[in-house]
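Here the structure comes first, spelled out in structure tokens, and everything after it is commentary.
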Amino acid sequence: MIDHLIYAAPDLDEAVAAVSRRFGVRAAGGGQHLGLGTHNRLLALGSSTYLEIIAPDPGQPEPELPRPFGVDGVTEPRLVGWAITCDDIALAREEAVARGFDPGPVIDGQRRTASGDVLRWRLTSNAHVGGVVPFLISWGSTPSPALSAPPGLTLESLHVEHPEPALITGRLKALGADVEVLPGSAPALVARISGQILR
């Protein structure tokens with residue numbers, strides 16, 4: 001199941017305002033990814049799926065490593081990654097490896113909310129590079145952010161475009177991700193959200 005889509009931008013406030021103008025719902029919540037140099041806001045796309053708008057955080061020191069999802073190189077807002085949820089992430093990773101694709105070691109993630117609470121989750125390390133191949137995520141006892149994100153939008157479809165569809169299809173199958181892969185001149189994620197296309 002699709003957990004969330006990641007929409008990266010150079011400036012968070014500008015991206016939130018642009019998405020709000022386009023879709024009529026304003027992203028909220030989110031917080032800071034401590035040590036990674038990013039911050040985010042969220043929009044629910046259903047009861048268990050959400051859109052994460054992410055950007056460099058000027059309130060944090062420059063991180064030692066590159067920011068996740070290629071955020072450092074984003075010059076205009078675009079979809080840069082996505083996640084699929086699983087209950088047992090260690091088992092899901094083992095199954096993906098057995099099917100021919102290794103999404104990387106399972107690592108811990110965290111985010112500090114505006115109220116100061118720290119949310120924790122586990123994810124596979126391919127999350128750091130983003131791209132059209134999803135990463136695995138498990139929220140454990142943490143409620144899905146989709147439950148508290150502003151509602152009103154629906155994820156109607158998601159597909160991948162890539163110059164080598166067969167390569168990507170194999171990786172998606174290994175992860176248990178059931179989305180269509182179409183030929184394209186460049187790798188891209190294409191979502192239909194409440195009747196509008198977001199790339």
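How things are named: the first chain in the structure tokens is A, the next is B, and so on; residues count from 1 in each chain; ligands count from 1 in the order shown.
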Nearby residues (only C-alpha atoms) at most 9 Å from Phe23 of chain A, same-chain spacing under 6 positions excluded, as a compact mmCIF listing (two decimals) with C-alpha atoms, in the first residue's frame:
```
# COMPACT_ATOMS: atom_id res chain seq x y z
CA LEU A 153 -7.68 15.34 -1.25
CA ILE A 193 -4.66 13.83 -7.03
CA SER A 194 -8.30 14.91 -6.91
CA GLN A 196 -5.15 17.02 -11.17
```
Could you produce a table of the residues of segment 97-165 of chain A lying within 6 Å of segment 75-83 of chain A, with the nearest pair of atoms per residue and their separation in Å rounded to one decimal, using only C-alpha atoms, ordered by chain and increasing residue number, as a Markdown table?
```
| residue | atom | partner | partner_atom | distance |
| --- | --- | --- | --- | --- |
| A:Gly130 | CA | A:Gly81 | CA | 4.5 |
| A:Gly131 | CA | A:Gly81 | CA | 4.8 |
| A:Pro134 | CA | A:Ala83 | CA | 5.0 |
| A:Phe135 | CA | A:Ala83 | CA | 4.9 |
| A:Leu136 | CA | A:Ala83 | CA | 5.7 |
```
Can I get the selection written as a compact mmCIF listing (two decimals), in the first residue's frame, with C-alpha atoms?
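The new file out-v5.txt reads:
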```txt
# COMPACT_ATOMS: atom_id res chain seq x y z
CA GLY A 130 14.54 8.91 -3.59
CA GLY A 131 13.53 8.29 -7.18
CA PRO A 134 9.88 3.28 -3.45
CA PHE A 135 11.34 2.69 -0.03
CA LEU A 136 9.73 0.59 2.67
```
Contacts of segment 15-17 of chain A at 10 Å or less, counting only C-alpha atoms, minus same-chain residues fewer than 2 places along, as a VMD selection string?
-> chain A and resid 7 to 13 19 to 22 24 to 28 40 to 43 53 to 55 76 to 78
Resulting file, chosen residues, N, CA and C atoms, as a PDB file, in the first residue's frame:
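Below is the file result16.pdb, written as the result:
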```
ATOM      1  N   TYR A   7       7.110  15.368  -2.221  1.00  0.00           N
ATOM      2  CA  TYR A   7       7.133  16.501  -3.155  1.00  0.00           C
ATOM      3  C   TYR A   7       8.143  17.492  -2.624  1.00  0.00           C
ATOM      4  N   ALA A   8       9.292  17.584  -3.293  1.00  0.00           N
ATOM      5  CA  ALA A   8      10.384  18.431  -2.806  1.00  0.00           C
ATOM      6  C   ALA A   8      10.371  19.792  -3.477  1.00  0.00           C
ATOM      7  N   ALA A   9      10.828  20.786  -2.746  1.00  0.00           N
ATOM      8  CA  ALA A   9      10.846  22.158  -3.250  1.00  0.00           C
ATOM      9  C   ALA A   9      12.028  22.900  -2.640  1.00  0.00           C
ATOM     10  N   PRO A  10      12.484  23.983  -3.276  1.00  0.00           N
ATOM     11  CA  PRO A  10      13.572  24.770  -2.695  1.00  0.00           C
ATOM     12  C   PRO A  10      13.163  25.505  -1.423  1.00  0.00           C
ATOM     13  N   ASP A  11      11.888  25.912  -1.344  1.00  0.00           N
ATOM     14  CA  ASP A  11      11.400  26.696  -0.206  1.00  0.00           C
ATOM     15  C   ASP A  11      10.059  26.125   0.252  1.00  0.00           C
ATOM     16  N   LEU A  12       9.952  25.752   1.524  1.00  0.00           N
ATOM     17  CA  LEU A  12       8.762  25.087   2.026  1.00  0.00           C
ATOM     18  C   LEU A  12       7.537  25.990   1.998  1.00  0.00           C
ATOM     19  N   ASP A  13       7.652  27.212   2.506  1.00  0.00           N
ATOM     20  CA  ASP A  13       6.490  28.102   2.568  1.00  0.00           C
ATOM     21  C   ASP A  13       5.935  28.398   1.172  1.00  0.00           C
ATOM     22  N   VAL A  19       0.785  24.821  -3.573  1.00  0.00           N
ATOM     23  CA  VAL A  19      -0.083  23.642  -3.520  1.00  0.00           C
ATOM     24  C   VAL A  19      -1.465  24.036  -3.021  1.00  0.00           C
ATOM     25  N   SER A  20      -1.523  24.932  -2.054  1.00  0.00           N
ATOM     26  CA  SER A  20      -2.802  25.396  -1.528  1.00  0.00           C
ATOM     27  C   SER A  20      -3.624  26.110  -2.603  1.00  0.00           C
ATOM     28  N   ARG A  21      -2.957  26.956  -3.398  1.00  0.00           N
ATOM     29  CA  ARG A  21      -3.667  27.643  -4.484  1.00  0.00           C
ATOM     30  C   ARG A  21      -4.202  26.645  -5.511  1.00  0.00           C
ATOM     31  N   ARG A  22      -3.433  25.631  -5.766  1.00  0.00           N
ATOM     32  CA  ARG A  22      -3.807  24.667  -6.806  1.00  0.00           C
ATOM     33  C   ARG A  22      -4.906  23.713  -6.359  1.00  0.00           C
ATOM     34  N   GLY A  24      -6.631  23.866  -3.157  1.00  0.00           N
ATOM     35  CA  GLY A  24      -7.637  24.395  -2.250  1.00  0.00           C
ATOM     36  C   GLY A  24      -7.548  23.876  -0.827  1.00  0.00           C
ATOM     37  N   VAL A  25      -6.459  23.180  -0.491  1.00  0.00           N
ATOM     38  CA  VAL A  25      -6.239  22.679   0.865  1.00  0.00           C
ATOM     39  C   VAL A  25      -4.814  23.057   1.266  1.00  0.00           C
ATOM     40  N   ARG A  26      -4.640  23.558   2.473  1.00  0.00           N
ATOM     41  CA  ARG A  26      -3.319  24.009   2.912  1.00  0.00           C
ATOM     42  C   ARG A  26      -2.626  22.943   3.753  1.00  0.00           C
ATOM     43  N   ALA A  27      -1.417  22.589   3.366  1.00  0.00           N
ATOM     44  CA  ALA A  27      -0.629  21.606   4.113  1.00  0.00           C
ATOM     45  C   ALA A  27      -0.272  22.152   5.491  1.00  0.00           C
ATOM     46  N   ALA A  28      -0.225  21.263   6.463  1.00  0.00           N
ATOM     47  CA  ALA A  28       0.077  21.671   7.839  1.00  0.00           C
ATOM     48  C   ALA A  28       0.790  20.526   8.544  1.00  0.00           C
ATOM     49  N   ASN A  40       9.131  19.748   6.811  1.00  0.00           N
ATOM     50  CA  ASN A  40       8.041  19.368   5.918  1.00  0.00           C
ATOM     51  C   ASN A  40       6.680  19.814   6.428  1.00  0.00           C
ATOM     52  N   ARG A  41       5.698  19.725   5.529  1.00  0.00           N
ATOM     53  CA  ARG A  41       4.283  19.897   5.845  1.00  0.00           C
ATOM     54  C   ARG A  41       3.542  18.784   5.121  1.00  0.00           C
ATOM     55  N   LEU A  42       2.340  18.444   5.586  1.00  0.00           N
ATOM     56  CA  LEU A  42       1.638  17.266   5.096  1.00  0.00           C
ATOM     57  C   LEU A  42       0.217  17.577   4.649  1.00  0.00           C
ATOM     58  N   LEU A  43      -0.272  16.746   3.720  1.00  0.00           N
ATOM     59  CA  LEU A  43      -1.659  16.762   3.275  1.00  0.00           C
ATOM     60  C   LEU A  43      -2.139  15.317   3.166  1.00  0.00           C
ATOM     61  N   ILE A  53       5.335  17.481   1.680  1.00  0.00           N
ATOM     62  CA  ILE A  53       6.039  18.578   1.014  1.00  0.00           C
ATOM     63  C   ILE A  53       7.288  18.842   1.842  1.00  0.00           C
ATOM     64  N   ILE A  54       8.465  18.729   1.215  1.00  0.00           N
ATOM     65  CA  ILE A  54       9.723  18.786   1.951  1.00  0.00           C
ATOM     66  C   ILE A  54      10.674  19.775   1.293  1.00  0.00           C
ATOM     67  N   ALA A  55      11.496  20.431   2.095  1.00  0.00           N
ATOM     68  CA  ALA A  55      12.437  21.433   1.578  1.00  0.00           C
ATOM     69  C   ALA A  55      13.594  21.580   2.559  1.00  0.00           C
ATOM     70  N   GLU A  76      12.955  23.473  -8.694  1.00  0.00           N
ATOM     71  CA  GLU A  76      11.516  23.747  -8.746  1.00  0.00           C
ATOM     72  C   GLU A  76      10.781  22.542  -8.173  1.00  0.00           C
ATOM     73  N   PRO A  77       9.597  22.744  -7.597  1.00  0.00           N
ATOM     74  CA  PRO A  77       8.900  21.648  -6.917  1.00  0.00           C
ATOM     75  C   PRO A  77       8.604  20.479  -7.855  1.00  0.00           C
ATOM     76  N   ARG A  78       8.789  19.259  -7.330  1.00  0.00           N
ATOM     77  CA  ARG A  78       8.462  18.060  -8.108  1.00  0.00           C
ATOM     78  C   ARG A  78       8.404  16.846  -7.189  1.00  0.00           C
TER      79      ARG A  78
END
```
Going by DSSP on the backbone, which bits of segment 10-145 of chain A are strand (DSSP E)? Write them as a ChimeraX atom specification, please.
-> /A:28-33,38-44,50-56,78-85,106-113,118-124,135-138
Output N, CA and C atoms for every residue in that selection, as a CSV table (one decimal), in the first residue's frame.
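Contents of out14.csv, freshly written:
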```csv
chain,number,residue,atom,x,y,z
A,28,ALA,N,-0.2,21.3,6.5
A,28,ALA,CA,0.1,21.7,7.8
A,28,ALA,C,0.8,20.5,8.5
A,29,GLY,N,1.0,20.7,9.8
A,29,GLY,CA,1.7,19.7,10.6
A,29,GLY,C,3.1,19.6,10.2
A,30,GLY,N,3.6,18.3,10.2
A,30,GLY,CA,5.0,18.1,9.8
A,30,GLY,C,5.9,18.6,10.9
A,31,GLY,N,7.1,19.0,10.5
A,31,GLY,CA,8.1,19.4,11.5
A,31,GLY,C,9.5,19.4,10.9
A,32,GLN,N,10.5,19.1,11.7
A,32,GLN,CA,11.9,19.1,11.3
A,32,GLN,C,12.5,17.7,11.3
A,33,HIS,N,13.3,17.4,10.3
A,33,HIS,CA,14.0,16.1,10.3
A,33,HIS,C,15.4,16.5,10.9
A,38,THR,N,16.2,19.2,6.8
A,38,THR,CA,15.0,19.4,6.1
A,38,THR,C,13.8,19.6,7.0
A,39,HIS,N,12.7,20.2,6.5
A,39,HIS,CA,11.5,20.3,7.2
A,39,HIS,C,10.3,20.0,6.3
A,40,ASN,N,9.1,19.7,6.8
A,40,ASN,CA,8.0,19.4,5.9
A,40,ASN,C,6.7,19.8,6.4
A,41,ARG,N,5.7,19.7,5.5
A,41,ARG,CA,4.3,19.9,5.8
A,41,ARG,C,3.5,18.8,5.1
A,42,LEU,N,2.3,18.4,5.6
A,42,LEU,CA,1.6,17.3,5.1
A,42,LEU,C,0.2,17.6,4.6
A,43,LEU,N,-0.3,16.7,3.7
A,43,LEU,CA,-1.7,16.8,3.3
A,43,LEU,C,-2.1,15.3,3.2
A,44,ALA,N,-3.3,15.0,3.8
A,44,ALA,CA,-3.8,13.7,3.6
A,44,ALA,C,-4.3,13.4,2.2
A,50,TYR,N,-0.6,10.0,2.4
A,50,TYR,CA,-0.4,11.4,2.5
A,50,TYR,C,0.6,12.0,1.5
A,51,LEU,N,0.6,13.3,1.3
A,51,LEU,CA,1.6,14.0,0.5
A,51,LEU,C,2.5,14.7,1.5
A,52,GLU,N,3.8,14.5,1.4
A,52,GLU,CA,4.8,15.2,2.2
A,52,GLU,C,5.5,16.2,1.3
A,53,ILE,N,5.3,17.5,1.7
A,53,ILE,CA,6.0,18.6,1.0
A,53,ILE,C,7.3,18.8,1.8
A,54,ILE,N,8.5,18.7,1.2
A,54,ILE,CA,9.7,18.8,2.0
A,54,ILE,C,10.7,19.8,1.3
A,55,ALA,N,11.5,20.4,2.1
A,55,ALA,CA,12.4,21.4,1.6
A,55,ALA,C,13.6,21.6,2.6
A,56,PRO,N,14.7,22.2,2.1
A,56,PRO,CA,15.8,22.5,3.1
A,56,PRO,C,15.3,23.4,4.2
A,78,ARG,N,8.8,19.3,-7.3
A,78,ARG,CA,8.5,18.1,-8.1
A,78,ARG,C,8.4,16.8,-7.2
A,79,LEU,N,7.7,15.8,-7.6
A,79,LEU,CA,7.7,14.5,-6.9
A,79,LEU,C,9.1,13.9,-7.0
A,80,VAL,N,9.7,13.5,-5.9
A,80,VAL,CA,11.0,13.0,-5.9
A,80,VAL,C,11.1,11.6,-5.3
A,81,GLY,N,10.0,11.1,-4.7
A,81,GLY,CA,10.1,9.7,-4.1
A,81,GLY,C,8.8,9.3,-3.5
A,82,TRP,N,8.7,8.1,-3.1
A,82,TRP,CA,7.5,7.6,-2.5
A,82,TRP,C,7.8,6.4,-1.6
A,83,ALA,N,6.8,6.0,-0.7
A,83,ALA,CA,7.0,5.0,0.2
A,83,ALA,C,5.9,4.0,0.2
A,84,ILE,N,6.1,2.7,0.5
A,84,ILE,CA,5.1,1.8,0.7
A,84,ILE,C,5.2,1.3,2.1
A,85,THR,N,4.0,1.1,2.7
A,85,THR,CA,4.0,0.7,4.2
A,85,THR,C,4.0,-0.8,4.3
A,106,VAL,N,17.7,-1.5,7.0
A,106,VAL,CA,16.6,-0.8,7.7
A,106,VAL,C,17.2,0.1,8.7
A,107,ILE,N,16.8,1.4,8.7
A,107,ILE,CA,17.3,2.4,9.5
A,107,ILE,C,16.2,3.1,10.3
A,108,ASP,N,16.6,3.9,11.3
A,108,ASP,CA,15.6,4.6,12.1
A,108,ASP,C,15.4,6.0,11.6
A,109,GLY,N,14.2,6.5,11.6
A,109,GLY,CA,13.9,7.9,11.2
A,109,GLY,C,13.1,8.6,12.3
A,110,GLN,N,13.2,9.9,12.3
A,110,GLN,CA,12.5,10.7,13.3
A,110,GLN,C,12.2,12.1,12.8
A,111,ARG,N,11.2,12.7,13.4
A,111,ARG,CA,10.9,14.1,13.1
A,111,ARG,C,10.4,14.7,14.3
A,112,ARG,N,10.8,16.0,14.6
A,112,ARG,CA,10.3,16.7,15.7
A,112,ARG,C,9.1,17.6,15.2
A,113,THR,N,8.0,17.5,15.9
A,113,THR,CA,6.8,18.3,15.5
A,113,THR,C,6.9,19.7,16.1
A,118,VAL,N,8.5,14.0,19.4
A,118,VAL,CA,9.4,13.3,18.4
A,118,VAL,C,8.7,12.1,17.9
A,119,LEU,N,8.4,12.0,16.6
A,119,LEU,CA,7.8,10.9,16.0
A,119,LEU,C,8.9,10.0,15.4
A,120,ARG,N,8.7,8.7,15.6
A,120,ARG,CA,9.8,7.7,15.1
A,120,ARG,C,9.2,6.7,14.2
A,121,TRP,N,10.0,6.2,13.3
A,121,TRP,CA,9.6,5.2,12.3
A,121,TRP,C,10.8,4.4,11.9
A,122,ARG,N,10.7,3.4,11.1
A,122,ARG,CA,11.8,2.6,10.5
A,122,ARG,C,11.6,2.6,9.0
A,123,LEU,N,12.7,2.7,8.2
A,123,LEU,CA,12.6,2.7,6.8
A,123,LEU,C,13.8,2.1,6.2
A,124,THR,N,13.7,1.7,4.9
A,124,THR,CA,14.9,1.2,4.2
A,124,THR,C,15.7,2.4,3.7
A,135,PHE,N,10.7,3.3,-1.2
A,135,PHE,CA,11.3,2.7,0.0
A,135,PHE,C,10.3,2.1,0.8
A,136,LEU,N,10.7,1.2,1.7
A,136,LEU,CA,9.7,0.6,2.7
A,136,LEU,C,9.7,1.4,4.0
A,137,ILE,N,8.6,1.5,4.6
A,137,ILE,CA,8.5,2.2,5.8
A,137,ILE,C,7.5,1.5,6.8
A,138,SER,N,7.8,1.5,8.1
A,138,SER,CA,7.0,1.0,9.1
A,138,SER,C,6.9,1.9,10.2
```
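The shortest atom-to-atom distance to His128 of chain A, with only C-alpha atoms taken into account, belongs to A:Pro66 out of A:Gly73, A:Pro143, A:Glu95, A:Pro66.
Atom pair atom CA of Gln60 of chain A / atom CA of Ala146 of chain A has a distance of 25.4 Å (rounded to one decimal).
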What's the 9 Å shell around segment 166-179 of chain A, counting only C-alpha atoms, without same-chain residues fewer than 3 positions away, as JSON, numbers by chain?
-> {"A": [1, 2, 84, 92, 93, 95, 96, 97, 98, 99, 100, 101, 102, 103, 132, 133, 134, 135, 136, 157, 158, 159, 160, 162]}
Output for the residues just chosen: N, CA and C atoms as a short mmCIF file (atom, residue, chain, number, x, y, z; two decimals), in the first residue's frame:
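After the write, again_10.cif holds the following:
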```
data_model
loop_
_atom_site.label_atom_id
_atom_site.label_comp_id
_atom_site.auth_asym_id
_atom_site.auth_seq_id
_atom_site.Cartn_x
_atom_site.Cartn_y
_atom_site.Cartn_z
N MET A 1 0.84 -1.19 0.00
CA MET A 1 0.00 0.00 0.00
C MET A 1 0.89 1.25 0.00
N ILE A 2 0.48 2.24 -0.78
CA ILE A 2 1.24 3.48 -0.83
C ILE A 2 1.08 4.23 0.49
N ILE A 84 6.15 2.75 0.49
CA ILE A 84 5.07 1.79 0.70
C ILE A 84 5.19 1.26 2.13
N ALA A 92 9.82 -7.73 5.19
CA ALA A 92 9.54 -7.18 3.86
C ALA A 92 10.83 -6.95 3.09
N ARG A 93 11.87 -6.48 3.78
CA ARG A 93 13.16 -6.29 3.12
C ARG A 93 13.74 -7.63 2.68
N GLU A 95 12.18 -10.33 1.93
CA GLU A 95 11.42 -10.84 0.79
C GLU A 95 11.81 -10.11 -0.50
N ALA A 96 12.04 -8.80 -0.40
CA ALA A 96 12.46 -8.04 -1.58
C ALA A 96 13.82 -8.53 -2.08
N VAL A 97 14.74 -8.76 -1.15
CA VAL A 97 16.07 -9.26 -1.52
C VAL A 97 15.95 -10.62 -2.20
N ALA A 98 15.10 -11.49 -1.66
CA ALA A 98 14.91 -12.82 -2.25
C ALA A 98 14.33 -12.73 -3.65
N ARG A 99 13.58 -11.66 -3.93
CA ARG A 99 12.99 -11.47 -5.26
C ARG A 99 13.92 -10.70 -6.20
N GLY A 100 15.10 -10.32 -5.72
CA GLY A 100 16.08 -9.73 -6.61
C GLY A 100 16.37 -8.26 -6.47
N PHE A 101 15.82 -7.60 -5.43
CA PHE A 101 16.15 -6.18 -5.24
C PHE A 101 16.37 -5.90 -3.77
N ASP A 102 17.49 -5.28 -3.46
CA ASP A 102 17.81 -4.92 -2.08
C ASP A 102 17.59 -3.42 -1.87
N PRO A 103 16.58 -3.04 -1.08
CA PRO A 103 16.33 -1.62 -0.84
C PRO A 103 17.24 -1.01 0.22
N VAL A 132 12.15 6.84 -8.50
CA VAL A 132 10.90 6.17 -8.87
C VAL A 132 10.70 4.84 -8.17
N VAL A 133 11.76 4.28 -7.59
CA VAL A 133 11.64 3.04 -6.83
C VAL A 133 11.34 3.40 -5.38
N PRO A 134 10.26 2.87 -4.80
CA PRO A 134 9.88 3.28 -3.45
C PRO A 134 10.79 2.70 -2.38
N PHE A 135 10.71 3.27 -1.20
CA PHE A 135 11.34 2.69 -0.03
C PHE A 135 10.25 2.10 0.85
N LEU A 136 10.65 1.20 1.73
CA LEU A 136 9.73 0.59 2.67
C LEU A 136 9.72 1.41 3.96
N SER A 157 -4.48 7.93 -8.61
CA SER A 157 -3.59 6.99 -9.30
C SER A 157 -2.15 7.46 -9.18
N LEU A 158 -1.24 6.53 -9.41
CA LEU A 158 0.18 6.83 -9.45
C LEU A 158 0.81 5.91 -10.49
N HIS A 159 1.63 6.48 -11.34
CA HIS A 159 2.41 5.63 -12.24
C HIS A 159 3.83 6.17 -12.36
N VAL A 160 4.70 5.31 -12.88
CA VAL A 160 6.11 5.63 -13.06
C VAL A 160 6.41 5.74 -14.54
N HIS A 162 9.83 5.82 -17.16
CA HIS A 162 11.27 5.53 -17.12
C HIS A 162 11.75 5.08 -18.50
#
```
Have a look at A:Glu161, A:Cys86, A:Pro68, A:Gly140 and name the one nearest to Ser125 of chain A; count only C-alpha atoms.
-> A:Pro68
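The interatomic distance for the pair atom CA of Glu156 of chain A and atom CA of Ala191 of chain A works out to 7.6 Å.
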Length of the atom CA of Thr49 of chain A to atom CA of His4 of chain A vector [Å] | 5.2 Å
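Distances to Leu36 of chain A were evaluated for A:Leu65, A:Ser48, A:Arg199, A:Glu14 using only C-alpha atoms, and the minimum falls at A:Leu65.
Distances to Asp87 of chain A were evaluated for A:Ser115, A:Asp3, A:Pro150, A:Asn126 using only C-alpha atoms, and the minimum falls at A:Asp3.
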